[in-house]
Amino acid sequence: MNPKRFDELVEVCQAIDFETPASWLTRTALRQGTSVRHIAEHLGWPVVGDLDLLFPSMYPFGLPKGVAAIARLEIARRVMAGFKQTGISPDRLLLNERKRSCYRFCPLCLESDRTPHIRIHWRFACFIHCPLHNCLLEDACPHCQAKIRLPLSLLHAGPTGKGIAELDACRRCAGSLADGEPQLLRPSASDSNDWEKARLGNGRAVLSALYHGWFRVEGQTAVRSLKALRSVDQNGLIPRRA
Ligand SMILES: [Zn+2]
Ligand SMILES: [Zn+2]
């Protein structure tokens, strides 16, 4: 990936911390007034396949120096590199729909974004609540139930094919994804909720482990490698929501 290829783009979006490569590519294609395929080909990025998952193989030793536009995709790159190390099947932990990358979202995060963008943790089946807003993540558009699938050429998205301007709008109906009532979590003293709380915490802990490359089991001092996450998953301790 020659940094020059980035320079040749007239207006490149700046990636945002935690943003996924697929989200950045989607925004950049719109800014350039073209398709994601065209931009991906220009950058030498894959035009088919799971871009988030392929990203650490494209940049195994880190992102290229001097390319400020994508420097903040480093968090996503590290998380996905960590995920590959676990050996857990992508089908178990990554959200997909019709072989396309799929994401949940927090309506309150999208509402407060200056530049709406999709976070890498929203791709994981185990990450089911937003710690910033203490609400459950949403699976689909509150208006038409379409899911977020990326990358996507926003130029021709929306109900009339005339395009949508931002990632906080539904790709199918163009309605705001921030509409609808957030499902706030309420504190409760019951045992079952303690269990649920622990499982929610585990979902977040998995993402932290993927980023750092190691984890500890609560109450133990030994540091475990990411490969050990497979047995944590097999014991049902990594949460999922259908
Ligand atoms: Zn949020
Ligand atoms: Zn919709």
# chains A, B, ... in the order shown; residues from 1 in each chain; ligands from 1
>>> select_by_dssp(residues="stretch 87-116 of chain A", states="strand (DSSP E or B)", output="list in words")
Leu94, Asn96, Glu97, Arg100, Ser101, Cys102, Tyr103 and Phe105 of chain A
>>> residues_near_ligand(ligand="ligand 2", cutoff="6 Å", atoms="only C-alpha atoms and all ligand atoms", output="short mmCIF file (atom, residue, chain, number, x, y, z; two decimals) with N, CA and C atoms, in the first residue's frame")
data_model
loop_
_atom_site.label_atom_id
_atom_site.label_comp_id
_atom_site.auth_asym_id
_atom_site.auth_seq_id
_atom_site.Cartn_x
_atom_site.Cartn_y
_atom_site.Cartn_z
N CYS A 141 -32.33 -0.83 11.94
CA CYS A 141 -33.00 0.46 11.79
C CYS A 141 -34.36 0.45 12.50
N HIS A 143 -36.89 2.11 11.84
CA HIS A 143 -37.98 2.38 10.90
C HIS A 143 -38.27 1.17 10.00
N CYS A 144 -37.21 0.55 9.45
CA CYS A 144 -37.46 -0.51 8.43
C CYS A 144 -36.77 -1.82 8.76
N GLN A 145 -36.04 -1.88 9.88
CA GLN A 145 -35.37 -3.10 10.35
C GLN A 145 -34.18 -3.54 9.50
N ALA A 146 -33.71 -2.69 8.60
CA ALA A 146 -32.48 -3.04 7.86
C ALA A 146 -31.30 -2.96 8.82
N CYS A 170 -30.17 5.28 7.70
CA CYS A 170 -30.36 3.90 7.27
C CYS A 170 -30.08 3.77 5.77
N ARG A 172 -31.27 1.70 3.77
CA ARG A 172 -32.43 1.33 2.96
C ARG A 172 -33.48 2.44 2.92
N CYS A 173 -33.88 2.96 4.11
CA CYS A 173 -34.99 3.92 4.13
C CYS A 173 -34.53 5.36 4.36
N ALA A 174 -33.24 5.54 4.67
CA ALA A 174 -32.64 6.86 4.92
C ALA A 174 -33.14 7.50 6.22
N GLY A 175 -33.93 6.76 7.02
CA GLY A 175 -34.36 7.27 8.31
C GLY A 175 -33.18 7.34 9.27
#
>>> atom_distance(atom1="atom CA of A:Leu229", atom2="atom CA of A:Glu74")
22.0 Å
>>> residues_around(residues="stretch 9-19 of chain A", least_positions_apart="4", cutoff="6 Å", atoms="only C-alpha atoms", output="VMD selection string")
chain A and resid 24 28 69 to 70 72 75 to 76 118 to 120
>>> select_by_dssp(residues="stretch 13-120 of chain A", states="alpha helix (DSSP H)", output="PyMOL selection string")
chain A and resi 21-32+36-43+51-58+74-86+90-93+107-112
>>> write_last_selection(atoms="C-alpha atoms", output="mmCIF file, in the first residue's frame")
data_model
loop_
_atom_site.group_PDB
_atom_site.id
_atom_site.type_symbol
_atom_site.label_atom_id
_atom_site.label_comp_id
_atom_site.auth_asym_id
_atom_site.auth_seq_id
_atom_site.Cartn_x
_atom_site.Cartn_y
_atom_site.Cartn_z
ATOM 1 C CA PRO A 21 -11.738 0.190 8.061
ATOM 2 C CA ALA A 22 -15.082 -0.525 6.336
ATOM 3 C CA SER A 23 -16.606 2.611 7.902
ATOM 4 C CA TRP A 24 -13.657 4.788 6.864
ATOM 5 C CA LEU A 25 -13.728 3.394 3.307
ATOM 6 C CA THR A 26 -17.461 4.082 3.089
ATOM 7 C CA ARG A 27 -17.039 7.705 4.227
ATOM 8 C CA THR A 28 -14.041 8.301 1.972
ATOM 9 C CA ALA A 29 -15.828 6.938 -1.113
ATOM 10 C CA LEU A 30 -18.730 9.327 -0.508
ATOM 11 C CA ARG A 31 -16.381 12.279 0.025
ATOM 12 C CA GLN A 32 -14.718 11.432 -3.297
ATOM 13 C CA VAL A 36 -16.214 1.934 -2.435
ATOM 14 C CA ARG A 37 -14.951 -0.472 -5.099
ATOM 15 C CA HIS A 38 -13.270 2.373 -6.946
ATOM 16 C CA ILE A 39 -11.508 3.692 -3.841
ATOM 17 C CA ALA A 40 -10.533 0.196 -2.686
ATOM 18 C CA GLU A 41 -9.004 -0.542 -6.102
ATOM 19 C CA HIS A 42 -7.182 2.786 -6.030
ATOM 20 C CA LEU A 43 -5.659 2.011 -2.629
ATOM 21 C CA LEU A 51 -12.276 -5.848 5.015
ATOM 22 C CA ASP A 52 -12.161 -5.596 8.839
ATOM 23 C CA LEU A 53 -10.832 -9.144 9.073
ATOM 24 C CA LEU A 54 -8.383 -8.742 6.181
ATOM 25 C CA PHE A 55 -7.014 -5.460 7.525
ATOM 26 C CA PRO A 56 -4.342 -6.911 9.893
ATOM 27 C CA SER A 57 -3.058 -9.134 7.054
ATOM 28 C CA MET A 58 -2.756 -6.068 4.837
ATOM 29 C CA GLU A 74 -4.759 1.253 14.383
ATOM 30 C CA ILE A 75 -7.146 0.303 17.193
ATOM 31 C CA ALA A 76 -9.331 -1.660 14.778
ATOM 32 C CA ARG A 77 -6.256 -3.257 13.225
ATOM 33 C CA ARG A 78 -4.989 -4.435 16.621
ATOM 34 C CA VAL A 79 -8.382 -5.755 17.718
ATOM 35 C CA MET A 80 -8.790 -7.776 14.523
ATOM 36 C CA ALA A 81 -5.183 -9.016 14.673
ATOM 37 C CA GLY A 82 -5.957 -10.178 18.231
ATOM 38 C CA PHE A 83 -9.133 -11.847 17.089
ATOM 39 C CA LYS A 84 -7.249 -13.842 14.452
ATOM 40 C CA GLN A 85 -4.831 -15.045 17.146
ATOM 41 C CA THR A 86 -7.653 -16.578 19.194
ATOM 42 C CA PRO A 90 -15.411 -15.529 12.638
ATOM 43 C CA ASP A 91 -18.891 -17.070 12.331
ATOM 44 C CA ARG A 92 -19.042 -17.376 16.121
ATOM 45 C CA LEU A 93 -17.980 -13.910 17.139
ATOM 46 C CA PRO A 107 -28.296 5.304 18.821
ATOM 47 C CA LEU A 108 -27.013 7.739 21.459
ATOM 48 C CA CYS A 109 -23.402 7.445 20.264
ATOM 49 C CA LEU A 110 -24.499 8.069 16.666
ATOM 50 C CA GLU A 111 -26.641 10.979 17.763
ATOM 51 C CA SER A 112 -23.736 12.652 19.550
#
>>> atom_distance(atom1="atom CA of A:Arg98", atom2="atom CA of A:Ser176")
23.1 Å
